[in-house]
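Chemist: Contents of work.pdb (PDB, C-alpha atoms and all ligand atoms) are below:
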```pdb
ATOM      1  CA  MET N   1      23.554  15.381 -19.775  1.00  0.00           C
ATOM      2  CA  VAL N   2      20.940  14.657 -17.147  1.00  0.00           C
ATOM      3  CA  ARG N   3      19.018  11.418 -17.549  1.00  0.00           C
ATOM      4  CA  ILE N   4      15.487  11.374 -16.182  1.00  0.00           C
ATOM      5  CA  LEU N   5      13.119   8.426 -15.980  1.00  0.00           C
ATOM      6  CA  LEU N   6       9.523   9.615 -16.025  1.00  0.00           C
ATOM      7  CA  VAL N   7       6.828   7.285 -14.659  1.00  0.00           C
ATOM      8  CA  GLU N   8       3.422   8.690 -15.606  1.00  0.00           C
ATOM      9  CA  ASP N   9       0.317   6.856 -16.765  1.00  0.00           C
ATOM     10  CA  ASP N  10      -1.404   9.890 -18.336  1.00  0.00           C
ATOM     11  CA  ASP N  11      -0.479   9.688 -22.029  1.00  0.00           C
ATOM     12  CA  ASP N  12      -0.705  13.440 -22.663  1.00  0.00           C
ATOM     13  CA  ILE N  13       1.336  14.433 -19.615  1.00  0.00           C
ATOM     14  CA  ARG N  14       3.914  11.740 -20.288  1.00  0.00           C
ATOM     15  CA  ALA N  15       4.361  12.642 -23.956  1.00  0.00           C
ATOM     16  CA  GLY N  16       4.319  16.401 -23.351  1.00  0.00           C
ATOM     17  CA  LEU N  17       6.734  16.300 -20.447  1.00  0.00           C
ATOM     18  CA  SER N  18       9.234  13.992 -22.078  1.00  0.00           C
ATOM     19  CA  ARG N  19       9.168  16.133 -25.234  1.00  0.00           C
ATOM     20  CA  ALA N  20       9.701  19.307 -23.193  1.00  0.00           C
ATOM     21  CA  LEU N  21      12.483  17.742 -21.143  1.00  0.00           C
ATOM     22  CA  THR N  22      14.195  16.529 -24.308  1.00  0.00           C
ATOM     23  CA  GLN N  23      14.019  20.062 -25.726  1.00  0.00           C
ATOM     24  CA  GLN N  24      15.834  21.241 -22.603  1.00  0.00           C
ATOM     25  CA  GLY N  25      18.681  18.831 -23.233  1.00  0.00           C
ATOM     26  CA  VAL N  26      17.562  16.033 -20.936  1.00  0.00           C
ATOM     27  CA  VAL N  27      17.857  12.400 -21.952  1.00  0.00           C
ATOM     28  CA  ALA N  28      14.368  11.270 -20.974  1.00  0.00           C
ATOM     29  CA  ALA N  29      12.856   7.827 -20.814  1.00  0.00           C
ATOM     30  CA  ALA N  30       9.147   7.498 -20.063  1.00  0.00           C
ATOM     31  CA  VAL N  31       7.008   4.570 -18.952  1.00  0.00           C
ATOM     32  CA  ALA N  32       3.329   4.358 -18.095  1.00  0.00           C
ATOM     33  CA  ARG N  33       3.336   1.548 -15.553  1.00  0.00           C
ATOM     34  CA  ALA N  34       5.165   0.851 -12.309  1.00  0.00           C
ATOM     35  CA  GLY N  35       6.074  -2.613 -13.511  1.00  0.00           C
ATOM     36  CA  ASP N  36       7.880  -1.154 -16.522  1.00  0.00           C
ATOM     37  CA  ALA N  37       9.578   1.481 -14.349  1.00  0.00           C
ATOM     38  CA  LEU N  38      11.585  -1.033 -12.359  1.00  0.00           C
ATOM     39  CA  GLY N  39      12.954  -2.688 -15.486  1.00  0.00           C
ATOM     40  CA  ARG N  40      13.821   0.649 -17.103  1.00  0.00           C
ATOM     41  CA  LEU N  41      15.507   1.803 -13.928  1.00  0.00           C
ATOM     42  CA  ALA N  42      18.110  -0.926 -14.267  1.00  0.00           C
ATOM     43  CA  GLU N  43      18.746  -0.588 -17.999  1.00  0.00           C
ATOM     44  CA  PHE N  44      18.420   3.197 -18.420  1.00  0.00           C
ATOM     45  CA  ALA N  45      20.363   4.118 -15.226  1.00  0.00           C
ATOM     46  CA  PRO N  46      18.767   7.560 -14.779  1.00  0.00           C
ATOM     47  CA  ASP N  47      20.183  10.391 -12.644  1.00  0.00           C
ATOM     48  CA  ALA N  48      16.701  10.926 -11.212  1.00  0.00           C
ATOM     49  CA  VAL N  49      13.224   9.406 -11.331  1.00  0.00           C
ATOM     50  CA  VAL N  50      10.016  11.452 -11.535  1.00  0.00           C
ATOM     51  CA  LEU N  51       7.277   9.196 -10.201  1.00  0.00           C
ATOM     52  CA  ASP N  52       3.567   9.846 -10.528  1.00  0.00           C
ATOM     53  CA  LEU N  53       1.820   8.862  -7.312  1.00  0.00           C
ATOM     54  CA  GLY N  54      -1.320   7.546  -8.974  1.00  0.00           C
ATOM     55  CA  LEU N  55      -0.397   4.625 -11.211  1.00  0.00           C
ATOM     56  CA  PRO N  56      -2.786   1.950 -12.435  1.00  0.00           C
ATOM     57  CA  ASP N  57      -0.840  -1.144 -11.430  1.00  0.00           C
ATOM     58  CA  LEU N  58       0.839  -0.334  -8.093  1.00  0.00           C
ATOM     59  CA  ASP N  59       0.585   2.171  -5.248  1.00  0.00           C
ATOM     60  CA  GLY N  60       3.133   4.981  -5.614  1.00  0.00           C
ATOM     61  CA  GLY N  61       4.434   4.361  -2.101  1.00  0.00           C
ATOM     62  CA  ASP N  62       5.142   0.721  -2.912  1.00  0.00           C
ATOM     63  CA  VAL N  63       6.897   1.731  -6.132  1.00  0.00           C
ATOM     64  CA  LEU N  64       9.015   4.189  -4.183  1.00  0.00           C
ATOM     65  CA  MET N  65      10.025   1.480  -1.714  1.00  0.00           C
ATOM     66  CA  MET N  66      11.003  -0.788  -4.598  1.00  0.00           C
ATOM     67  CA  ILE N  67      13.061   2.002  -6.184  1.00  0.00           C
ATOM     68  CA  ARG N  68      14.736   2.616  -2.823  1.00  0.00           C
ATOM     69  CA  SER N  69      15.497  -1.080  -2.416  1.00  0.00           C
ATOM     70  CA  LEU N  70      17.268  -1.038  -5.788  1.00  0.00           C
ATOM     71  CA  GLY N  71      19.601   1.888  -5.094  1.00  0.00           C
ATOM     72  CA  THR N  72      19.986   5.535  -4.167  1.00  0.00           C
ATOM     73  CA  VAL N  73      18.742   7.221  -7.359  1.00  0.00           C
ATOM     74  CA  PRO N  74      16.965  10.468  -6.399  1.00  0.00           C
ATOM     75  CA  ALA N  75      13.187  10.100  -6.656  1.00  0.00           C
ATOM     76  CA  LEU N  76      10.771  13.003  -7.071  1.00  0.00           C
ATOM     77  CA  VAL N  77       7.118  12.169  -6.497  1.00  0.00           C
ATOM     78  CA  ALA N  78       4.393  13.982  -8.422  1.00  0.00           C
ATOM     79  CA  THR N  79       1.129  14.397  -6.552  1.00  0.00           C
ATOM     80  CA  ALA N  80      -2.160  16.222  -6.792  1.00  0.00           C
ATOM     81  CA  ARG N  81      -2.583  19.302  -4.611  1.00  0.00           C
ATOM     82  CA  ASP N  82      -4.624  17.737  -1.826  1.00  0.00           C
ATOM     83  CA  ASP N  83      -2.392  14.755  -1.144  1.00  0.00           C
ATOM     84  CA  GLU N  84      -0.851  16.291   2.005  1.00  0.00           C
ATOM     85  CA  ARG N  85      -0.800  13.035   3.951  1.00  0.00           C
ATOM     86  CA  ASP N  86       0.571  11.175   0.940  1.00  0.00           C
ATOM     87  CA  ILE N  87       3.311  13.775   0.465  1.00  0.00           C
ATOM     88  CA  VAL N  88       4.429  13.391   4.089  1.00  0.00           C
ATOM     89  CA  ARG N  89       4.256   9.615   3.849  1.00  0.00           C
ATOM     90  CA  LEU N  90       6.268   9.521   0.628  1.00  0.00           C
ATOM     91  CA  LEU N  91       8.945  11.934   1.850  1.00  0.00           C
ATOM     92  CA  ASP N  92       9.290   9.810   4.980  1.00  0.00           C
ATOM     93  CA  ALA N  93       9.495   6.716   2.772  1.00  0.00           C
ATOM     94  CA  GLY N  94      12.514   8.098   0.927  1.00  0.00           C
ATOM     95  CA  ALA N  95      11.279  10.524  -1.748  1.00  0.00           C
ATOM     96  CA  ASP N  96      13.790  13.340  -2.298  1.00  0.00           C
ATOM     97  CA  ASP N  97      11.207  15.930  -3.261  1.00  0.00           C
ATOM     98  CA  HIS N  98       7.629  16.232  -4.412  1.00  0.00           C
ATOM     99  CA  ILE N  99       6.094  18.096  -7.307  1.00  0.00           C
ATOM    100  CA  VAL N 100       2.518  19.331  -7.254  1.00  0.00           C
ATOM    101  CA  LYS N 101       0.535  18.740 -10.414  1.00  0.00           C
ATOM    102  CA  PRO N 102       0.021  20.278 -12.857  1.00  0.00           C
ATOM    103  CA  TYR N 103       3.736  20.859 -13.308  1.00  0.00           C
ATOM    104  CA  SER N 104       5.853  22.331 -16.083  1.00  0.00           C
ATOM    105  CA  ALA N 105       8.947  20.751 -17.568  1.00  0.00           C
ATOM    106  CA  ALA N 106      10.900  23.778 -16.319  1.00  0.00           C
ATOM    107  CA  GLN N 107       9.815  23.096 -12.740  1.00  0.00           C
ATOM    108  CA  VAL N 108      10.517  19.379 -12.970  1.00  0.00           C
ATOM    109  CA  LEU N 109      13.972  20.120 -14.334  1.00  0.00           C
ATOM    110  CA  ALA N 110      14.721  22.768 -11.705  1.00  0.00           C
ATOM    111  CA  ARG N 111      13.730  20.388  -8.912  1.00  0.00           C
ATOM    112  CA  VAL N 112      15.806  17.588 -10.405  1.00  0.00           C
ATOM    113  CA  ARG N 113      18.780  19.957 -10.625  1.00  0.00           C
ATOM    114  CA  ALA N 114      18.275  20.996  -7.003  1.00  0.00           C
ATOM    115  CA  VAL N 115      18.180  17.372  -5.858  1.00  0.00           C
ATOM    116  CA  LEU N 116      21.253  16.537  -7.932  1.00  0.00           C
ATOM    117  CA  ARG N 117      23.140  19.517  -6.478  1.00  0.00           C
ATOM    118  CA  ARG N 118      22.330  18.205  -3.021  1.00  0.00           C
ATOM    119  CA  THR N 119      23.263  14.613  -3.741  1.00  0.00           C
ATOM    120  CA  SER N 120      26.491  15.532  -5.562  1.00  0.00           C
ATOM    121  CA  SER N 121      27.552  17.862  -2.717  1.00  0.00           C
ATOM    122  CA  GLU N 122      26.872  15.008  -0.310  1.00  0.00           C
ATOM    123  CA  ALA N 123      29.222  12.911  -2.422  1.00  0.00           C
ATOM    124  CA  SER N 124      31.952  15.565  -2.279  1.00  0.00           C
ATOM    125  CA  GLU N 125      31.453  15.925   1.474  1.00  0.00           C
ATOM    126  CA  GLU N 126      32.340  12.273   1.751  1.00  0.00           C
ATOM    127  CA  ALA N 127      35.635  13.045   0.019  1.00  0.00           C
ATOM    128  CA  GLY N 128      36.863  15.593   2.577  1.00  0.00           C
ATOM    129  CA  PRO N 129      36.284  16.792   6.118  1.00  0.00           C
ATOM    130  CA  VAL N 130      33.266  19.083   6.474  1.00  0.00           C
ATOM    131  CA  THR N 131      32.108  20.397   9.813  1.00  0.00           C
ATOM    132  CA  LEU N 132      28.440  21.208  10.155  1.00  0.00           C
ATOM    133  CA  ALA N 133      28.258  21.714  13.894  1.00  0.00           C
ATOM    134  CA  ASP N 134      24.709  22.033  15.212  1.00  0.00           C
ATOM    135  CA  LEU N 135      23.361  22.761  11.741  1.00  0.00           C
ATOM    136  CA  VAL N 136      19.900  21.343  11.247  1.00  0.00           C
ATOM    137  CA  ILE N 137      18.545  21.354   7.726  1.00  0.00           C
ATOM    138  CA  ASP N 138      14.792  21.026   7.719  1.00  0.00           C
ATOM    139  CA  PRO N 139      13.558  22.209   4.305  1.00  0.00           C
ATOM    140  CA  LEU N 140       9.879  21.583   4.892  1.00  0.00           C
ATOM    141  CA  GLY N 141       9.767  22.668   8.507  1.00  0.00           C
ATOM    142  CA  ARG N 142       8.027  19.433   9.410  1.00  0.00           C
ATOM    143  CA  ARG N 143       7.979  18.441  13.054  1.00  0.00           C
ATOM    144  CA  PRO N 144       6.629  15.272  14.602  1.00  0.00           C
ATOM    145  CA  GLY N 145       3.189  15.957  15.934  1.00  0.00           C
ATOM    146  CA  SER N 146       2.780  19.312  14.252  1.00  0.00           C
ATOM    147  CA  PRO N 147      -0.746  19.982  13.084  1.00  0.00           C
ATOM    148  CA  THR N 148      -1.534  19.350   9.462  1.00  0.00           C
ATOM    149  CA  MET N 149      -2.547  22.602   7.798  1.00  0.00           C
ATOM    150  CA  PRO N 150      -5.288  22.348   5.219  1.00  0.00           C
ATOM    151  CA  SER N 151      -4.044  23.391   1.814  1.00  0.00           C
ATOM    152  CA  ARG N 152      -6.968  25.705   1.125  1.00  0.00           C
TER     153      ARG N 152
HETATM  154 CA    CA N 201      -1.642   9.086 -12.677  1.00  0.00          CA
END
```
Would you mind writing the file out in structure tokens?
Modeler:
Amino acid sequence: MVRILLVEDDDDIRAGLSRALTQQGVVAAAVARAGDALGRLAEFAPDAVVLDLGLPDLDGGDVLMMIRSLGTVPALVATARDDERDIVRLLDAGADDHIVKPYSAAQVLARVRAVLRRTSSEASEEAGPVTLADLVIDPLGRRPGSPTMPSR
């Protein structure tokens, strides 16, 4: 069973999403503050973390860096629609994906599954020889210096 740690300070979103994830067979743990997230990360040992960008006690980017410093658990960052610069910054800082709010449990779960497929295939690639000559995977099509398109 997939274990997801949800870090979300909005009580309604946190309760609703963890209930919905649980109904889909996920073992979910949920915390409201970044400070609690780091402790839960160690004891709950999730397969993935869903991290709200806007938390009351710490900046989401700082939380992400702390999560990264603790290990390689996939981290999905949830942002509001207009946070284009934040999304780029967070992906560059080590986020594995981002989710635009408002999001459904089905979407969160699908994105977690996609990230886990990627990370587990990376693990199996380490086990045997795989040739990926000249293959460049660039899911977001981001290029250094490319213009930032407004989202509306
Ligand atoms: Ca928030």
Chemist: So that I can check the surroundings of Ala15 in chain N, please list as a PDB file with C-alpha atoms, keeping the file's coordinate frame every protein, DNA and RNA residue that reaches within 12 Å of it, counting all atoms listed in the file and ignoring chain neighbours fewer than 5 positions away.
Modeler:
```pdb
ATOM      1  CA  LEU N   6       9.523   9.615 -16.025  1.00  0.00           C
ATOM      2  CA  VAL N   7       6.828   7.285 -14.659  1.00  0.00           C
ATOM      3  CA  GLU N   8       3.422   8.690 -15.606  1.00  0.00           C
ATOM      4  CA  ASP N   9       0.317   6.856 -16.765  1.00  0.00           C
ATOM      5  CA  ASP N  10      -1.404   9.890 -18.336  1.00  0.00           C
ATOM      6  CA  ALA N  20       9.701  19.307 -23.193  1.00  0.00           C
ATOM      7  CA  LEU N  21      12.483  17.742 -21.143  1.00  0.00           C
ATOM      8  CA  THR N  22      14.195  16.529 -24.308  1.00  0.00           C
ATOM      9  CA  ALA N  28      14.368  11.270 -20.974  1.00  0.00           C
ATOM     10  CA  ALA N  29      12.856   7.827 -20.814  1.00  0.00           C
ATOM     11  CA  ALA N  30       9.147   7.498 -20.063  1.00  0.00           C
ATOM     12  CA  VAL N  31       7.008   4.570 -18.952  1.00  0.00           C
ATOM     13  CA  ALA N  32       3.329   4.358 -18.095  1.00  0.00           C
ATOM     14  CA  ALA N 105       8.947  20.751 -17.568  1.00  0.00           C
TER      15      ALA N 105
END
```
Chemist: So, counting all atoms listed in the file, which residue among N:Gly16, N:Asp52, N:Asp11, N:Val26 is closest to ligand CA 201 (chain N)?
Modeler: N:Asp52
Chemist: Show which residues sit within 12 Å of Ala95 in chain N, as a PyMOL selection string. Count only C-alpha atoms, and ignore same-chain residues fewer than 6 positions away.
Modeler: chain N and resi 48-53+60-68+72-79+86-89+115
Chemist: Could you tell me how far CA of Arg111 in chain N lies from CA of His98 in chain N, in Å and to one decimal?
Modeler: 8.6 Å
Chemist: Quick one: pull the distance between CA of Ala34 in chain N and CA of Leu55 in chain N, Å, one decimal.
Modeler: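 Straight-line distance from CA of Ala34 in chain N to CA of Leu55 in chain N works out to 6.8 Å.
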Chemist: Can you measure CA of Ser69 in chain N to CA of Ala110 in chain N for me? One decimal in Å is fine.
Modeler: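 Computed distance, CA of Ser69 in chain N to CA of Ala110 in chain N, equals 25.6 Å.
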Chemist: Using all atoms listed in the file, which residue out of N:Gly39, N:Gly94, N:Gly54, N:Pro102 lies closest to ligand CA 201 (chain N)?
Modeler: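 Ranking N:Gly39, N:Gly94, N:Gly54, N:Pro102 by distance to ligand CA 201 (chain N), first place goes to N:Gly54.
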Chemist: Name every residue that the PyMOL selection byres (((chain N and resi 46) around 9) and not hetatm) selects in this structure, writing the answer as a PyMOL selection string with chains first and numbers rising.
Modeler: chain N and resi 2-5+27-29+40-45+47-49+73
Chemist: Can you write just those residues out, C-alpha atoms, as a PDB file, in the frame of the given file?
Modeler:
```pdb
ATOM      1  CA  VAL N   2      20.940  14.657 -17.147  1.00  0.00           C
ATOM      2  CA  ARG N   3      19.018  11.418 -17.549  1.00  0.00           C
ATOM      3  CA  ILE N   4      15.487  11.374 -16.182  1.00  0.00           C
ATOM      4  CA  LEU N   5      13.119   8.426 -15.980  1.00  0.00           C
ATOM      5  CA  VAL N  27      17.857  12.400 -21.952  1.00  0.00           C
ATOM      6  CA  ALA N  28      14.368  11.270 -20.974  1.00  0.00           C
ATOM      7  CA  ALA N  29      12.856   7.827 -20.814  1.00  0.00           C
ATOM      8  CA  ARG N  40      13.821   0.649 -17.103  1.00  0.00           C
ATOM      9  CA  LEU N  41      15.507   1.803 -13.928  1.00  0.00           C
ATOM     10  CA  ALA N  42      18.110  -0.926 -14.267  1.00  0.00           C
ATOM     11  CA  GLU N  43      18.746  -0.588 -17.999  1.00  0.00           C
ATOM     12  CA  PHE N  44      18.420   3.197 -18.420  1.00  0.00           C
ATOM     13  CA  ALA N  45      20.363   4.118 -15.226  1.00  0.00           C
ATOM     14  CA  ASP N  47      20.183  10.391 -12.644  1.00  0.00           C
ATOM     15  CA  ALA N  48      16.701  10.926 -11.212  1.00  0.00           C
ATOM     16  CA  VAL N  49      13.224   9.406 -11.331  1.00  0.00           C
ATOM     17  CA  VAL N  73      18.742   7.221  -7.359  1.00  0.00           C
TER      18      VAL N  73
END
```
Chemist: Determine the nearest neighbour of Tyr103 in chain N from the options N:Arg33, N:Arg118, N:Arg14, N:Arg85, counting only C-alpha atoms.
Modeler: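 Result for the nearest residue to Tyr103 in chain N: N:Arg14.
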Chemist: Would you please work out which residue, of N:Ala37, N:Gln107, N:Gln23, N:Asp57, is nearest to ligand CA 201 (chain N) when using all atoms listed in the file?
Modeler: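 Closest to ligand CA 201 (chain N) of all the choices is N:Asp57.
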Chemist: Using all atoms listed in the file, which of N:Met1, N:Leu70, N:Ala80, N:Leu38 sits nearest Arg113 in chain N?
Modeler: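 Using all atoms listed in the file, Arg113 in chain N sits closest to N:Met1.
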Chemist: Need a file for range 93-113 of chain N from that block: N, CA, C and O atoms, written as an mmCIF file, in the first residue's frame.
Modeler:
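Generated output (out_14.cif):
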```cif
data_model
loop_
_atom_site.group_PDB
_atom_site.id
_atom_site.type_symbol
_atom_site.label_atom_id
_atom_site.label_comp_id
_atom_site.auth_asym_id
_atom_site.auth_seq_id
_atom_site.Cartn_x
_atom_site.Cartn_y
_atom_site.Cartn_z
ATOM 1 N N ALA N 93 14.541 23.112 -7.134
ATOM 2 C CA ALA N 93 15.052 22.828 -5.786
ATOM 3 C C ALA N 93 14.868 21.362 -5.391
ATOM 4 O O ALA N 93 15.221 20.975 -4.291
ATOM 5 N N GLY N 94 14.264 20.556 -6.292
ATOM 6 C CA GLY N 94 14.191 19.134 -6.002
ATOM 7 C C GLY N 94 12.787 18.553 -5.880
ATOM 8 O O GLY N 94 12.634 17.384 -5.552
ATOM 9 N N ALA N 95 11.748 19.362 -6.154
ATOM 10 C CA ALA N 95 10.394 18.794 -6.166
ATOM 11 C C ALA N 95 10.267 17.841 -7.355
ATOM 12 O O ALA N 95 10.834 18.086 -8.418
ATOM 13 N N ASP N 96 9.538 16.745 -7.182
ATOM 14 C CA ASP N 96 9.385 15.770 -8.257
ATOM 15 C C ASP N 96 8.215 16.099 -9.170
ATOM 16 O O ASP N 96 8.164 15.633 -10.298
ATOM 17 N N ASP N 97 7.267 16.855 -8.659
ATOM 18 C CA ASP N 97 6.133 17.260 -9.485
ATOM 19 C C ASP N 97 5.432 18.393 -8.741
ATOM 20 O O ASP N 97 5.736 18.669 -7.584
ATOM 21 N N HIS N 98 4.510 19.056 -9.424
ATOM 22 C CA HIS N 98 3.684 20.022 -8.713
ATOM 23 C C HIS N 98 2.221 19.779 -9.053
ATOM 24 O O HIS N 98 1.894 19.224 -10.096
ATOM 25 N N ILE N 99 1.376 20.162 -8.132
ATOM 26 C CA ILE N 99 -0.060 19.980 -8.276
ATOM 27 C C ILE N 99 -0.696 21.349 -8.116
ATOM 28 O O ILE N 99 -0.387 22.068 -7.169
ATOM 29 N N VAL N 100 -1.555 21.719 -9.059
ATOM 30 C CA VAL N 100 -2.215 23.009 -8.975
ATOM 31 C C VAL N 100 -3.502 22.859 -8.179
ATOM 32 O O VAL N 100 -4.307 21.970 -8.421
ATOM 33 N N LYS N 101 -3.663 23.752 -7.208
ATOM 34 C CA LYS N 101 -4.886 23.746 -6.407
ATOM 35 C C LYS N 101 -6.013 24.444 -7.150
ATOM 36 O O LYS N 101 -5.759 25.380 -7.900
ATOM 37 N N PRO N 102 -7.267 24.104 -6.950
ATOM 38 C CA PRO N 102 -7.704 23.008 -6.077
ATOM 39 C C PRO N 102 -7.491 21.663 -6.764
ATOM 40 O O PRO N 102 -7.658 21.556 -7.969
ATOM 41 N N TYR N 103 -7.123 20.653 -5.987
ATOM 42 C CA TYR N 103 -6.837 19.355 -6.575
ATOM 43 C C TYR N 103 -7.758 18.303 -5.974
ATOM 44 O O TYR N 103 -8.278 18.454 -4.883
ATOM 45 N N SER N 104 -7.956 17.229 -6.717
ATOM 46 C CA SER N 104 -8.768 16.117 -6.215
ATOM 47 C C SER N 104 -7.842 15.033 -5.680
ATOM 48 O O SER N 104 -6.670 14.964 -6.051
ATOM 49 N N ALA N 105 -8.387 14.184 -4.835
ATOM 50 C CA ALA N 105 -7.607 13.057 -4.328
ATOM 51 C C ALA N 105 -7.168 12.167 -5.489
ATOM 52 O O ALA N 105 -6.051 11.641 -5.486
ATOM 53 N N ALA N 106 -8.048 12.026 -6.498
ATOM 54 C CA ALA N 106 -7.712 11.169 -7.638
ATOM 55 C C ALA N 106 -6.479 11.709 -8.357
ATOM 56 O O ALA N 106 -5.594 10.951 -8.756
ATOM 57 N N GLN N 107 -6.417 13.050 -8.506
ATOM 58 C CA GLN N 107 -5.260 13.618 -9.200
ATOM 59 C C GLN N 107 -3.988 13.482 -8.362
ATOM 60 O O GLN N 107 -2.917 13.158 -8.885
ATOM 61 N N VAL N 108 -4.110 13.748 -7.078
ATOM 62 C CA VAL N 108 -2.949 13.607 -6.197
ATOM 63 C C VAL N 108 -2.405 12.185 -6.285
ATOM 64 O O VAL N 108 -1.212 11.960 -6.466
ATOM 65 N N LEU N 109 -3.334 11.224 -6.228
ATOM 66 C CA LEU N 109 -2.919 9.820 -6.239
ATOM 67 C C LEU N 109 -2.295 9.443 -7.580
ATOM 68 O O LEU N 109 -1.273 8.742 -7.626
ATOM 69 N N ALA N 110 -2.877 9.922 -8.664
ATOM 70 C CA ALA N 110 -2.333 9.612 -9.994
ATOM 71 C C ALA N 110 -0.928 10.190 -10.142
ATOM 72 O O ALA N 110 -0.032 9.546 -10.697
ATOM 73 N N ARG N 111 -0.729 11.398 -9.637
ATOM 74 C CA ARG N 111 0.607 12.010 -9.747
ATOM 75 C C ARG N 111 1.616 11.290 -8.860
ATOM 76 O O ARG N 111 2.771 11.127 -9.243
ATOM 77 N N VAL N 112 1.169 10.875 -7.681
ATOM 78 C CA VAL N 112 2.062 10.104 -6.810
ATOM 79 C C VAL N 112 2.446 8.789 -7.490
ATOM 80 O O VAL N 112 3.612 8.401 -7.518
ATOM 81 N N ARG N 113 1.434 8.124 -8.095
ATOM 82 C CA ARG N 113 1.736 6.868 -8.791
ATOM 83 C C ARG N 113 2.725 7.087 -9.925
ATOM 84 O O ARG N 113 3.644 6.289 -10.125
#
```
